[in-house]
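Just work.cif here, mmCIF, C-alpha atoms:
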data_start
loop_
_atom_site.label_atom_id
_atom_site.label_comp_id
_atom_site.auth_asym_id
_atom_site.auth_seq_id
_atom_site.Cartn_x
_atom_site.Cartn_y
_atom_site.Cartn_z
CA MET L 132 17.40 -14.84 -27.92
CA SER L 133 18.11 -15.34 -31.60
CA PRO L 134 16.91 -18.51 -33.41
CA GLN L 135 20.53 -19.69 -33.50
CA GLU L 136 20.78 -19.47 -29.73
CA THR L 137 17.64 -21.53 -29.18
CA SER L 138 18.29 -24.26 -31.78
CA VAL L 139 19.18 -27.70 -30.47
CA ARG L 140 22.59 -29.04 -31.45
CA ARG L 141 23.88 -32.60 -31.56
CA VAL L 142 25.89 -33.60 -28.51
CA ALA L 143 29.01 -35.60 -29.21
CA ILE L 144 30.59 -38.07 -26.81
CA ILE L 145 34.32 -37.65 -27.31
CA GLY L 146 35.63 -40.18 -24.82
CA GLY L 147 35.84 -41.21 -21.21
CA ALA L 148 38.28 -42.07 -18.47
CA ARG L 149 37.80 -43.99 -15.25
CA ILE L 150 39.91 -45.68 -12.65
CA PRO L 151 39.58 -49.44 -12.22
CA PHE L 152 36.76 -50.24 -9.82
CA ALA L 153 37.81 -51.89 -6.55
CA ARG L 154 35.97 -53.92 -3.95
CA SER L 155 35.23 -51.98 -0.81
CA ASP L 156 37.86 -52.06 1.96
CA GLY L 157 40.46 -53.04 -0.62
CA PRO L 158 43.06 -51.01 -2.57
CA TYR L 159 41.05 -47.79 -2.32
CA ALA L 160 40.10 -48.16 1.34
CA THR L 161 41.79 -44.86 2.23
CA ALA L 162 40.91 -43.01 -0.99
CA SER L 163 38.28 -40.28 -0.81
CA ASN L 164 35.63 -39.49 -3.40
CA GLN L 165 37.62 -36.43 -4.37
CA GLN L 166 40.90 -38.32 -4.80
CA MET L 167 39.28 -40.97 -7.00
CA LEU L 168 37.33 -38.46 -9.07
CA THR L 169 40.45 -36.32 -9.52
CA ALA L 170 42.39 -39.33 -10.80
CA ALA L 171 39.69 -40.11 -13.35
CA LEU L 172 39.42 -36.46 -14.41
CA ASP L 173 43.18 -36.08 -14.77
CA GLY L 174 43.23 -39.15 -16.98
CA LEU L 175 40.67 -37.50 -19.24
CA VAL L 176 42.51 -34.17 -19.24
CA GLU L 177 45.80 -35.78 -20.24
CA ARG L 178 44.25 -38.00 -22.89
CA TYR L 179 42.47 -35.19 -24.69
CA GLY L 180 44.81 -32.28 -23.99
CA LEU L 181 42.39 -30.27 -21.89
CA GLN L 182 44.96 -28.40 -19.80
CA GLU L 183 44.71 -25.04 -21.57
CA PRO L 184 42.56 -22.25 -20.11
CA GLY L 185 38.91 -22.50 -21.05
CA ALA L 186 39.24 -25.93 -22.68
CA VAL L 187 36.19 -27.25 -20.85
CA GLY L 188 33.03 -25.23 -20.27
CA GLU L 189 32.09 -26.89 -17.00
CA PHE L 190 32.38 -30.02 -14.88
CA VAL L 191 29.34 -31.74 -13.38
CA ALA L 192 29.63 -34.77 -11.12
CA GLY L 193 28.35 -36.26 -7.90
CA ALA L 194 28.54 -38.96 -5.26
CA VAL L 195 25.89 -40.84 -3.34
CA LEU L 196 27.84 -41.53 -0.14
CA LYS L 197 29.14 -38.06 0.70
CA HIS L 198 30.97 -36.69 3.71
CA SER L 199 30.23 -33.15 4.79
CA ARG L 200 33.61 -32.27 3.29
CA ASP L 201 32.20 -33.30 -0.11
CA PHE L 202 29.59 -30.53 -0.12
CA ASN L 203 31.33 -28.98 -3.16
CA LEU L 204 32.84 -32.17 -4.56
CA ALA L 205 32.88 -31.30 -8.26
CA ARG L 206 34.44 -27.88 -7.76
CA GLU L 207 37.06 -29.14 -5.30
CA THR L 208 37.91 -31.90 -7.76
CA VAL L 209 38.55 -29.31 -10.46
CA LEU L 210 40.77 -27.28 -8.13
CA GLY L 211 42.83 -30.36 -7.34
CA SER L 212 43.09 -31.54 -10.94
CA LYS L 213 45.01 -30.59 -14.08
CA LEU L 214 41.92 -28.90 -15.50
CA ASP L 215 41.91 -25.09 -15.67
CA PRO L 216 41.00 -23.92 -12.13
CA ARG L 217 38.68 -21.34 -13.71
CA THR L 218 36.40 -24.17 -14.89
CA PRO L 219 33.02 -23.88 -13.11
CA ALA L 220 31.61 -27.04 -11.54
CA TYR L 221 28.59 -28.25 -9.64
CA ASP L 222 27.31 -31.38 -7.91
CA ILE L 223 24.36 -33.55 -8.89
CA GLN L 224 22.87 -36.65 -7.24
CA GLN L 225 20.21 -39.16 -8.22
CA ALA L 226 21.33 -42.32 -6.42
CA CYS L 227 22.68 -44.92 -8.88
CA GLY L 228 21.53 -42.76 -11.79
CA THR L 229 23.88 -39.93 -10.81
CA GLY L 230 26.55 -40.56 -13.45
CA LEU L 231 24.07 -40.75 -16.30
CA GLN L 232 22.08 -37.79 -14.99
CA ALA L 233 25.33 -35.78 -14.88
CA VAL L 234 25.91 -36.64 -18.54
CA ILE L 235 22.37 -35.51 -19.36
CA ALA L 236 22.79 -32.23 -17.47
CA ALA L 237 26.01 -31.45 -19.33
CA ALA L 238 24.50 -32.48 -22.65
CA ASN L 239 21.52 -30.17 -22.23
CA LYS L 240 23.75 -27.11 -21.98
CA ILE L 241 25.76 -28.15 -25.00
CA ALA L 242 22.60 -28.85 -26.99
CA LEU L 243 21.25 -25.39 -26.20
CA GLY L 244 24.51 -23.64 -27.06
CA GLN L 245 25.19 -22.55 -23.48
CA THR L 246 28.60 -24.22 -23.52
CA GLU L 247 30.77 -25.93 -26.12
CA SER L 248 32.18 -28.71 -23.99
CA ALA L 249 31.73 -30.30 -20.59
CA VAL L 250 32.92 -33.19 -18.48
CA ALA L 251 30.44 -35.29 -16.52
CA GLY L 252 31.03 -38.05 -14.04
CA GLY L 253 30.74 -39.45 -10.57
CA ALA L 254 32.54 -41.22 -7.76
CA ASP L 255 31.64 -43.30 -4.76
CA THR L 256 33.46 -45.07 -1.98
CA ALA L 257 31.80 -47.72 0.12
CA SER L 258 35.05 -48.02 2.09
CA ASP L 259 35.16 -44.42 3.28
CA ALA L 260 31.43 -44.11 3.90
CA PRO L 261 30.44 -41.24 6.22
CA LEU L 262 29.54 -42.12 9.79
CA GLY L 263 26.74 -40.05 11.23
CA VAL L 264 26.78 -38.66 14.74
CA ASN L 265 24.19 -40.26 17.00
CA ASP L 266 21.15 -37.99 16.64
CA THR L 267 20.67 -37.58 20.38
CA LEU L 268 24.32 -36.55 20.75
CA ARG L 269 23.92 -34.13 17.84
CA ARG L 270 20.99 -32.43 19.58
CA ILE L 271 22.92 -32.18 22.84
CA LEU L 272 25.90 -30.62 21.08
CA LEU L 273 23.64 -28.09 19.37
CA GLN L 274 22.02 -27.28 22.70
CA ALA L 275 25.48 -26.71 24.20
CA ARG L 276 26.43 -24.44 21.32
CA ARG L 277 23.31 -22.34 21.82
CA ALA L 278 23.86 -21.98 25.55
CA LYS L 279 24.64 -18.42 26.66
CA SER L 280 26.99 -19.31 29.52
CA LEU L 281 29.63 -21.83 30.52
CA SER L 282 27.29 -23.34 33.10
CA GLY L 283 24.61 -23.74 30.43
CA ARG L 284 27.03 -25.52 28.13
CA LEU L 285 28.20 -27.83 30.90
CA LYS L 286 24.59 -28.59 31.86
CA ALA L 287 23.84 -29.63 28.29
CA LEU L 288 27.00 -31.72 27.94
CA ALA L 289 26.22 -33.49 31.22
CA LYS L 290 23.38 -35.24 29.35
CA VAL L 291 25.82 -37.19 27.20
CA ARG L 292 25.73 -40.96 27.85
CA PRO L 293 28.06 -43.71 26.56
CA SER L 294 25.34 -44.98 24.22
CA HIS L 295 25.30 -41.59 22.51
CA LEU L 296 28.89 -42.11 21.33
CA VAL L 297 27.94 -45.00 19.05
CA PRO L 298 27.90 -43.60 15.47
CA ASP L 299 25.10 -44.15 12.99
CA ILE L 300 26.45 -46.60 10.43
CA PRO L 301 25.19 -46.09 6.85
CA ARG L 302 22.70 -48.78 5.83
CA ASN L 303 21.92 -49.96 2.33
CA ALA L 304 18.21 -49.72 3.02
CA GLU L 305 15.29 -47.68 1.76
CA PRO L 306 14.17 -45.24 4.48
CA ARG L 307 10.46 -45.80 3.76
CA THR L 308 10.53 -49.59 3.81
CA GLY L 309 13.58 -50.53 5.87
CA LEU L 310 14.46 -53.14 3.24
CA SER L 311 17.85 -53.31 1.58
CA MET L 312 18.07 -53.03 -2.18
CA GLY L 313 18.84 -56.75 -2.31
CA GLU L 314 15.71 -57.64 -0.36
CA HIS L 315 13.65 -55.42 -2.65
CA ALA L 316 15.20 -57.14 -5.67
CA ALA L 317 14.32 -60.53 -4.15
CA VAL L 318 10.67 -59.49 -4.00
CA THR L 319 10.78 -58.50 -7.67
CA ALA L 320 12.55 -61.73 -8.63
CA ARG L 321 9.77 -63.78 -7.06
CA ALA L 322 7.08 -61.62 -8.70
CA TRP L 323 8.57 -62.16 -12.16
CA GLY L 324 9.55 -65.79 -11.59
CA ILE L 325 13.25 -65.19 -12.15
CA GLY L 326 15.13 -68.43 -11.46
CA ARG L 327 18.57 -69.06 -10.01
CA GLU L 328 20.13 -70.64 -13.09
CA ALA L 329 19.17 -67.73 -15.36
CA GLN L 330 20.70 -65.30 -12.88
CA ASP L 331 23.94 -67.25 -12.65
CA GLU L 332 24.14 -67.51 -16.44
CA LEU L 333 23.90 -63.75 -16.78
CA ALA L 334 26.48 -63.18 -14.03
CA ALA L 335 28.96 -65.62 -15.54
CA ALA L 336 28.54 -64.02 -18.96
CA SER L 337 29.23 -60.58 -17.47
CA HIS L 338 32.58 -61.69 -16.09
CA GLN L 339 33.56 -63.60 -19.21
CA ARG L 340 32.66 -60.71 -21.52
CA LEU L 341 34.46 -58.11 -19.41
CA ALA L 342 37.58 -60.31 -19.36
CA ALA L 343 37.42 -60.67 -23.14
CA ALA L 344 36.97 -56.91 -23.56
CA TYR L 345 40.10 -56.25 -21.52
CA GLU L 346 42.05 -58.83 -23.50
CA ARG L 347 41.17 -57.25 -26.84
CA GLY L 348 42.10 -53.77 -25.60
CA LEU L 349 38.66 -52.16 -25.41
CA PHE L 350 39.56 -50.32 -22.22
CA GLN L 351 43.05 -49.24 -23.27
CA ASP L 352 41.99 -45.60 -23.56
CA LEU L 353 39.12 -45.74 -21.06
CA VAL L 354 40.76 -47.01 -17.86
CA VAL L 355 43.47 -45.13 -15.94
CA PRO L 356 45.59 -47.17 -13.46
CA PHE L 357 45.16 -46.09 -9.84
CA ARG L 358 46.76 -47.27 -6.60
CA GLY L 359 48.19 -50.42 -8.12
CA LEU L 360 45.11 -51.49 -10.05
CA ALA L 361 45.00 -51.65 -13.85
CA ARG L 362 41.82 -53.74 -14.13
CA ASP L 363 38.58 -53.94 -12.20
CA GLN L 364 39.30 -55.89 -9.05
CA ASN L 365 35.95 -57.66 -8.97
CA LEU L 366 36.55 -59.30 -12.36
CA ARG L 367 36.62 -63.10 -12.21
CA PRO L 368 37.56 -64.34 -15.72
CA GLY L 369 37.03 -67.95 -14.67
CA SER L 370 33.45 -67.47 -13.55
CA THR L 371 31.10 -70.22 -14.66
CA VAL L 372 27.51 -71.15 -13.96
CA GLU L 373 28.76 -74.22 -12.11
CA LYS L 374 30.99 -72.18 -9.78
CA LEU L 375 28.25 -69.63 -9.11
CA ALA L 376 25.76 -72.41 -8.39
CA ALA L 377 27.83 -73.39 -5.35
CA LEU L 378 27.24 -70.06 -3.60
CA LYS L 379 24.62 -69.75 -0.89
CA PRO L 380 21.72 -67.29 -1.25
CA VAL L 381 22.04 -64.04 0.70
CA PHE L 382 18.76 -62.26 -0.10
CA GLY L 383 15.16 -63.38 0.19
CA LEU L 384 15.95 -65.93 2.87
CA ASP L 385 12.55 -65.43 4.49
CA HIS L 386 10.91 -67.23 1.56
CA PRO L 387 11.35 -70.75 0.13
CA ASP L 388 13.95 -71.30 -2.59
CA PRO L 389 15.86 -67.97 -2.47
CA THR L 390 17.85 -67.34 -5.65
CA MET L 391 20.03 -64.27 -5.08
CA THR L 392 23.65 -64.80 -4.07
CA ALA L 393 26.77 -62.67 -3.73
CA GLY L 394 27.75 -63.99 -7.15
CA ASN L 395 24.69 -62.76 -9.02
CA SER L 396 24.51 -59.50 -7.07
CA THR L 397 26.82 -56.50 -7.39
CA PRO L 398 29.37 -56.08 -4.59
CA LEU L 399 30.02 -52.85 -2.69
CA THR L 400 32.60 -51.00 -4.75
CA ASP L 401 34.88 -47.94 -4.85
CA GLY L 402 35.63 -46.01 -8.03
CA ALA L 403 35.16 -42.98 -10.28
CA ALA L 404 34.40 -42.30 -13.94
CA THR L 405 34.24 -39.30 -16.29
CA VAL L 406 32.95 -38.55 -19.80
CA LEU L 407 33.91 -35.75 -22.21
CA LEU L 408 31.01 -34.26 -24.19
CA ALA L 409 31.11 -31.46 -26.74
CA SER L 410 29.50 -29.78 -29.71
CA GLU L 411 30.51 -31.01 -33.15
CA GLU L 412 32.20 -27.68 -33.81
CA TRP L 413 34.36 -27.96 -30.68
CA ALA L 414 35.41 -31.48 -31.63
CA ARG L 415 36.15 -30.52 -35.23
CA GLU L 416 38.35 -27.58 -34.17
CA ARG L 417 40.48 -29.94 -32.10
CA GLY L 418 40.61 -32.75 -34.60
CA LEU L 419 38.70 -35.11 -32.34
CA GLU L 420 36.39 -37.76 -33.80
CA PRO L 421 33.22 -38.26 -31.74
CA LEU L 422 32.66 -41.83 -30.63
CA ALA L 423 28.88 -41.42 -30.68
CA TYR L 424 26.09 -38.93 -30.05
CA LEU L 425 23.66 -38.68 -27.16
CA THR L 426 20.28 -38.33 -28.85
CA ALA L 427 17.56 -39.04 -26.28
CA TYR L 428 17.04 -39.62 -22.57
CA GLU L 429 14.20 -40.27 -20.15
CA THR L 430 13.72 -40.66 -16.41
CA ALA L 431 10.93 -42.36 -14.48
CA ALA L 432 9.95 -43.36 -10.96
CA VAL L 433 7.71 -46.01 -9.43
CA ASP L 434 5.69 -46.20 -6.23
CA PHE L 435 7.66 -48.95 -4.55
CA VAL L 436 6.04 -48.23 -1.18
CA SER L 437 2.34 -48.65 -1.88
CA GLY L 438 2.20 -49.48 -5.60
CA ASP L 439 1.96 -52.89 -7.24
CA VAL L 440 5.12 -54.20 -5.63
CA ALA L 441 4.07 -57.81 -5.07
CA GLY L 442 2.91 -57.98 -8.69
CA GLY L 443 6.32 -56.82 -9.87
CA GLU L 444 5.16 -53.70 -11.69
CA ASP L 445 6.41 -51.21 -9.09
CA GLY L 446 9.43 -53.01 -7.68
CA LEU L 447 12.16 -50.73 -6.35
CA LEU L 448 14.38 -51.18 -9.42
CA MET L 449 11.69 -51.35 -12.10
CA ALA L 450 11.45 -47.69 -13.18
CA PRO L 451 13.34 -48.38 -16.47
CA ALA L 452 10.39 -50.57 -17.43
CA TYR L 453 8.43 -47.31 -17.69
CA ALA L 454 11.16 -44.93 -18.86
CA VAL L 455 12.32 -46.94 -21.86
CA PRO L 456 8.88 -47.39 -23.49
CA ARG L 457 8.24 -43.64 -23.18
CA MET L 458 11.64 -42.80 -24.63
CA LEU L 459 11.29 -45.22 -27.53
CA GLU L 460 7.81 -43.97 -28.37
CA ARG L 461 9.07 -40.39 -28.46
CA ALA L 462 12.03 -41.39 -30.64
CA GLY L 463 9.91 -43.57 -32.93
CA LEU L 464 12.09 -46.61 -32.24
CA GLY L 465 11.73 -50.19 -31.02
CA LEU L 466 14.14 -52.52 -29.26
CA SER L 467 14.92 -54.14 -32.60
CA ASP L 468 16.43 -50.83 -33.75
CA PHE L 469 19.32 -51.15 -31.30
CA GLU L 470 22.50 -53.03 -32.09
CA LEU L 471 23.63 -52.81 -28.44
CA VAL L 472 21.75 -52.69 -25.15
CA GLU L 473 23.40 -51.76 -21.85
CA ILE L 474 21.44 -52.54 -18.68
CA HIS L 475 23.11 -51.71 -15.38
CA GLU L 476 23.48 -54.98 -13.48
CA ALA L 477 22.64 -54.06 -9.92
CA PHE L 478 21.43 -57.66 -9.66
CA ALA L 479 21.10 -60.32 -12.32
CA SER L 480 17.47 -60.79 -11.27
CA GLN L 481 16.76 -57.08 -11.82
CA VAL L 482 18.16 -57.21 -15.37
CA LEU L 483 16.03 -60.24 -16.19
CA ALA L 484 12.93 -58.67 -14.64
CA THR L 485 13.46 -55.51 -16.69
CA LEU L 486 13.76 -57.54 -19.90
CA ALA L 487 10.58 -59.42 -18.99
CA ALA L 488 8.74 -56.16 -18.30
CA TRP L 489 9.79 -54.68 -21.65
CA GLU L 490 8.52 -57.80 -23.39
CA LYS L 491 5.24 -57.64 -21.48
CA ARG L 492 4.82 -54.04 -22.60
CA GLY L 493 5.15 -55.09 -26.22
CA LEU L 494 8.70 -53.90 -26.87
CA GLY L 495 9.90 -57.34 -27.92
CA THR L 496 12.93 -59.29 -26.77
CA VAL L 497 16.61 -58.39 -26.53
CA ASP L 498 19.00 -60.93 -28.01
CA ARG L 499 21.65 -61.84 -25.45
CA ASP L 500 24.40 -61.27 -27.99
CA ARG L 501 23.40 -57.56 -27.97
CA LEU L 502 23.12 -57.26 -24.17
CA ASN L 503 26.06 -55.97 -22.11
CA VAL L 504 28.51 -57.28 -24.67
CA ALA L 505 31.56 -56.08 -22.71
CA GLY L 506 30.21 -57.11 -19.31
CA SER L 507 28.64 -54.75 -16.82
CA SER L 508 28.23 -54.06 -13.12
CA LEU L 509 28.20 -57.67 -11.92
CA ALA L 510 31.77 -57.94 -13.21
CA THR L 511 33.08 -54.38 -12.95
CA GLY L 512 31.45 -53.55 -9.63
CA HIS L 513 29.18 -50.60 -8.95
CA PRO L 514 30.48 -47.39 -7.32
CA PHE L 515 26.99 -45.86 -7.26
CA ALA L 516 27.53 -42.44 -8.87
CA ALA L 517 30.24 -43.66 -11.26
CA THR L 518 28.28 -46.38 -13.04
CA GLY L 519 26.32 -44.18 -15.44
CA ALA L 520 29.45 -42.46 -16.71
CA ARG L 521 31.20 -45.83 -17.08
CA ILE L 522 28.35 -47.18 -19.18
CA VAL L 523 28.15 -44.10 -21.42
CA ALA L 524 31.87 -44.15 -22.20
CA THR L 525 31.96 -47.92 -22.74
CA LEU L 526 28.91 -47.96 -25.00
CA ALA L 527 30.23 -45.03 -27.04
CA ARG L 528 33.50 -46.90 -27.56
CA LEU L 529 31.63 -50.07 -28.55
CA LEU L 530 29.56 -48.15 -31.10
CA ALA L 531 32.69 -46.50 -32.52
CA GLU L 532 34.28 -49.92 -32.98
CA ARG L 533 31.52 -50.89 -35.39
CA ASP L 534 32.53 -48.12 -37.79
CA ALA L 535 28.98 -48.07 -39.16
CA PRO L 536 25.68 -46.46 -38.19
CA ALA L 537 24.42 -48.05 -34.99
CA ARG L 538 22.37 -47.33 -31.89
CA GLY L 539 22.82 -48.23 -28.25
CA LEU L 540 20.29 -48.20 -25.42
CA ILE L 541 21.21 -47.45 -21.79
CA SER L 542 19.05 -48.43 -18.81
CA VAL L 543 20.03 -47.62 -15.23
CA CYS L 544 17.88 -48.39 -12.19
CA ALA L 545 18.35 -46.39 -9.00
CA ALA L 546 17.44 -46.32 -5.33
CA GLY L 547 14.23 -44.55 -4.44
CA GLY L 548 12.38 -46.37 -7.21
CA GLN L 549 13.94 -44.34 -10.03
CA GLY L 550 15.33 -45.04 -13.47
CA VAL L 551 17.47 -43.10 -15.94
CA THR L 552 17.70 -44.17 -19.58
CA ALA L 553 19.33 -42.85 -22.75
CA ILE L 554 20.06 -43.50 -26.41
CA LEU L 555 23.46 -43.21 -28.07
CA GLU L 556 23.90 -43.22 -31.83
CA ARG L 557 26.86 -43.63 -34.15
CA ALA L 558 26.08 -41.69 -37.32
#
What is this structure when it is put down as structure tokens?
Amino acid sequence: MSPQETSVRRVAIIGGARIPFARSDGPYATASNQQMLTAALDGLVERYGLQEPGAVGEFVAGAVLKHSRDFNLARETVLGSKLDPRTPAYDIQQACGTGLQAVIAAANKIALGQTESAVAGGADTASDAPLGVNDTLRRILLQARRAKSLSGRLKALAKVRPSHLVPDIPRNAEPRTGLSMGEHAAVTARAWGIGREAQDELAAASHQRLAAAYERGLFQDLVVPFRGLARDQNLRPGSTVEKLAALKPVFGLDHPDPTMTAGNSTPLTDGAATVLLASEEWARERGLEPLAYLTAYETAAVDFVSGDVAGGEDGLLMAPAYAVPRMLERAGLGLSDFELVEIHEAFASQVLATLAAWEKRGLGTVDRDRLNVAGSSLATGHPFAATGARIVATLARLLAERDAPARGLISVCAAGGQGVTAILERA
């Protein structure tokens, strides 16, 4: 390769498009991952005139809750969209970090000159979650398929019992602990001494700030109406600490004074989001002004099974507490160098624990007027694979609004004890 081919280029974030997020079993109850992702992608294609052949180098996206029919989700989405059908595509998955990891994967190819533009994103439906065949029934059916004769197949099928017809319902639980994400978060909340009032304050602020962002038109070119929704369905503009205080706890009930409620936890959600990334040359040729640039990223994982879980250090959702310090050290930056900080709000307690961990590690504090200034997952909802792309597009738009040099930090926790983080900059 020539030196030009191996040089690293700046990666521009041109814009994003997503459908409004909806509560599970609501307006999108019958919408598939592919249908939602196609709607978000089409919104992006129309907004930035990407219909012509070869406009986009590739499409990378994923989903966490996938049917077998979604085995080639990204490519099938392209084929059903207004994007050039010759656009290559591939799937990626890293639990709740999927959307951000898709952005990183696309950015790497642009940075290395392997493509000039790409779209990244993700979709998830909690409404249309796949139902697994009872494992015993699955083994019987496989045995019947392998049988060499009709009598052999009938002999195998004769083993089927009524109990085998009950499907395996997806559970929001970690396979190695059996605990739901909420129960894991409750353990971390106790370890870090995160109180109920602080959680409710953060949740109320998320709703109020998202409502204000909609009112001032922040999402005018980021959100595409879908199936009757024009705004995120979970948004409660009238949320207050007093109203949230009336809700009963739903996690950590096996310990005294539980603090986590449905109001300060993210609901199950359906939705999809996309982001357009490109080289500066590609953007310049099309007369498009980059909103921001993706300049650094870092992933991490914790041992939430046998690590220091009770002490809070290795809680399921605490990997960003390790990823961010590493990323900042490499970039030569501190928290005070960021005008905006976006922390995915899986739970209010998890956000507060992450902030406490950063402070403990000497990174300093984050002023609340810089944190999730347009609301986040507690208000928008959290379709697992779509959240990272939503945050990237929103933060890029917020940075562009400032019309001055600025930086934004992204922190996303994920199932499996993982974390994906990134830095955006407005030159």
Exercise for the section: Apply the PyMOL selection byres ((chain L and resi 423) around 8) to the displayed file and report the matching residues as a ChimeraX atom specification. Expected result: /L:143-145,421-422,424-425,527-528,530-531,555-558
Problem - Who sits within 10 Å of L:Glu476, all atoms listed in the file, same chain under 3 positions skipped, as a ChimeraX atom specification - result: /L:333-334,337,395-397,473,479-483,503,506-513,518,542-544
Same residues, C-alpha atoms, saved as a PDB file, in the coordinates of the input:
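What ended up in selection.pdb:
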ATOM      1  CA  LEU L 333      23.900 -63.750 -16.780  1.00  0.00           C
ATOM      2  CA  ALA L 334      26.480 -63.180 -14.030  1.00  0.00           C
ATOM      3  CA  SER L 337      29.230 -60.580 -17.470  1.00  0.00           C
ATOM      4  CA  ASN L 395      24.690 -62.760  -9.020  1.00  0.00           C
ATOM      5  CA  SER L 396      24.510 -59.500  -7.070  1.00  0.00           C
ATOM      6  CA  THR L 397      26.820 -56.500  -7.390  1.00  0.00           C
ATOM      7  CA  GLU L 473      23.400 -51.760 -21.850  1.00  0.00           C
ATOM      8  CA  ALA L 479      21.100 -60.320 -12.320  1.00  0.00           C
ATOM      9  CA  SER L 480      17.470 -60.790 -11.270  1.00  0.00           C
ATOM     10  CA  GLN L 481      16.760 -57.080 -11.820  1.00  0.00           C
ATOM     11  CA  VAL L 482      18.160 -57.210 -15.370  1.00  0.00           C
ATOM     12  CA  LEU L 483      16.030 -60.240 -16.190  1.00  0.00           C
ATOM     13  CA  ASN L 503      26.060 -55.970 -22.110  1.00  0.00           C
ATOM     14  CA  GLY L 506      30.210 -57.110 -19.310  1.00  0.00           C
ATOM     15  CA  SER L 507      28.640 -54.750 -16.820  1.00  0.00           C
ATOM     16  CA  SER L 508      28.230 -54.060 -13.120  1.00  0.00           C
ATOM     17  CA  LEU L 509      28.200 -57.670 -11.920  1.00  0.00           C
ATOM     18  CA  ALA L 510      31.770 -57.940 -13.210  1.00  0.00           C
ATOM     19  CA  THR L 511      33.080 -54.380 -12.950  1.00  0.00           C
ATOM     20  CA  GLY L 512      31.450 -53.550  -9.630  1.00  0.00           C
ATOM     21  CA  HIS L 513      29.180 -50.600  -8.950  1.00  0.00           C
ATOM     22  CA  THR L 518      28.280 -46.380 -13.040  1.00  0.00           C
ATOM     23  CA  SER L 542      19.050 -48.430 -18.810  1.00  0.00           C
ATOM     24  CA  VAL L 543      20.030 -47.620 -15.230  1.00  0.00           C
ATOM     25  CA  CYS L 544      17.880 -48.390 -12.190  1.00  0.00           C
TER      26      CYS L 544
END
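All residues of protein, DNA or RNA that reach within 9 Å of L:Arg154, judged by only C-alpha atoms and not counting those fewer than 2 positions away in the chain, are Phe152, Asp156, Gly157, Pro158, Tyr159, Ala160, Ala257, Ser258, Asp363, Gln364, Asn365, Pro398, Leu399, Thr400, Asp401, Gly402 and Gly512 of chain L.
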Go ahead and write the residues just picked, C-alpha atoms, as a PDB file, keeping the file's coordinate frame.
ATOM      1  CA  PHE L 152      36.760 -50.240  -9.820  1.00  0.00           C
ATOM      2  CA  ASP L 156      37.860 -52.060   1.960  1.00  0.00           C
ATOM      3  CA  GLY L 157      40.460 -53.040  -0.620  1.00  0.00           C
ATOM      4  CA  PRO L 158      43.060 -51.010  -2.570  1.00  0.00           C
ATOM      5  CA  TYR L 159      41.050 -47.790  -2.320  1.00  0.00           C
ATOM      6  CA  ALA L 160      40.100 -48.160   1.340  1.00  0.00           C
ATOM      7  CA  ALA L 257      31.800 -47.720   0.120  1.00  0.00           C
ATOM      8  CA  SER L 258      35.050 -48.020   2.090  1.00  0.00           C
ATOM      9  CA  ASP L 363      38.580 -53.940 -12.200  1.00  0.00           C
ATOM     10  CA  GLN L 364      39.300 -55.890  -9.050  1.00  0.00           C
ATOM     11  CA  ASN L 365      35.950 -57.660  -8.970  1.00  0.00           C
ATOM     12  CA  PRO L 398      29.370 -56.080  -4.590  1.00  0.00           C
ATOM     13  CA  LEU L 399      30.020 -52.850  -2.690  1.00  0.00           C
ATOM     14  CA  THR L 400      32.600 -51.000  -4.750  1.00  0.00           C
ATOM     15  CA  ASP L 401      34.880 -47.940  -4.850  1.00  0.00           C
ATOM     16  CA  GLY L 402      35.630 -46.010  -8.030  1.00  0.00           C
ATOM     17  CA  GLY L 512      31.450 -53.550  -9.630  1.00  0.00           C
TER      18      GLY L 512
END
Contacts of stretch 264-358 of chain L with stretch 167-190 of chain L up to 9 Å, shortest pair per row, only C-alpha atoms, as a Markdown table:
| residue | atom | partner | partner_atom | distance |
| --- | --- | --- | --- | --- |
| L:Asp352 | CA | L:Arg178 | CA | 8.0 |
| L:Leu353 | CA | L:Leu175 | CA | 8.6 |
| L:Val354 | CA | L:Gly174 | CA | 8.3 |
| L:Val355 | CA | L:Gly174 | CA | 6.1 |
| L:Pro356 | CA | L:Ala170 | CA | 8.9 |
| L:Phe357 | CA | L:Ala170 | CA | 7.4 |
Those selected residues, please, written with C-alpha atoms and delivered as a compact mmCIF listing (two decimals), keeping the file's coordinate frame.
# COMPACT_ATOMS: atom_id res chain seq x y z
CA ASP L 352 41.99 -45.60 -23.56
CA LEU L 353 39.12 -45.74 -21.06
CA VAL L 354 40.76 -47.01 -17.86
CA VAL L 355 43.47 -45.13 -15.94
CA PRO L 356 45.59 -47.17 -13.46
CA PHE L 357 45.16 -46.09 -9.84
Practice task
Identify which of the residues L:Ala404, L:Val497, L:Leu273, L:Ala516 lies closest to L:Ala148, counting all atoms listed in the file when measuring atom-to-atom distances.
Solution key: L:Ala404
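Relative to atom CA of L:Gly548, atom CA of L:Ala304 is found at 12.2 Å.
Atom pair atom CA of L:Ala403 / atom CA of L:Gly253: separated by 5.7 Å.
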Exercise for the section: List the residues selected by the PyMOL selection byres ((chain L and resi 438-446) around 9) in the file shown, writing them as a ChimeraX atom specification. Expected result: /L:315-316,318-323,432-437,447-450,452,484,488,548
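Every protein or nucleic acid residue with an atom no more than 6 Å from L:Phe469, counting all atoms listed in the file and leaving out same-chain residues fewer than 2 positions away, appears here: Leu466, Ser467, Leu471, Arg538 and Gly539 of chain L.
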Exercise for the section: Could you tell me which residues the PyMOL selection byres ((chain L and resi 381) around 7) returns for this structure, as a count of residues only? Expected result: 8
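Comparing the minimum interatomic distances between L:Arg492 and each of L:Arg284, L:Arg457, L:Arg417, L:Arg217, counting only C-alpha atoms, we find that L:Arg457 sits nearest.
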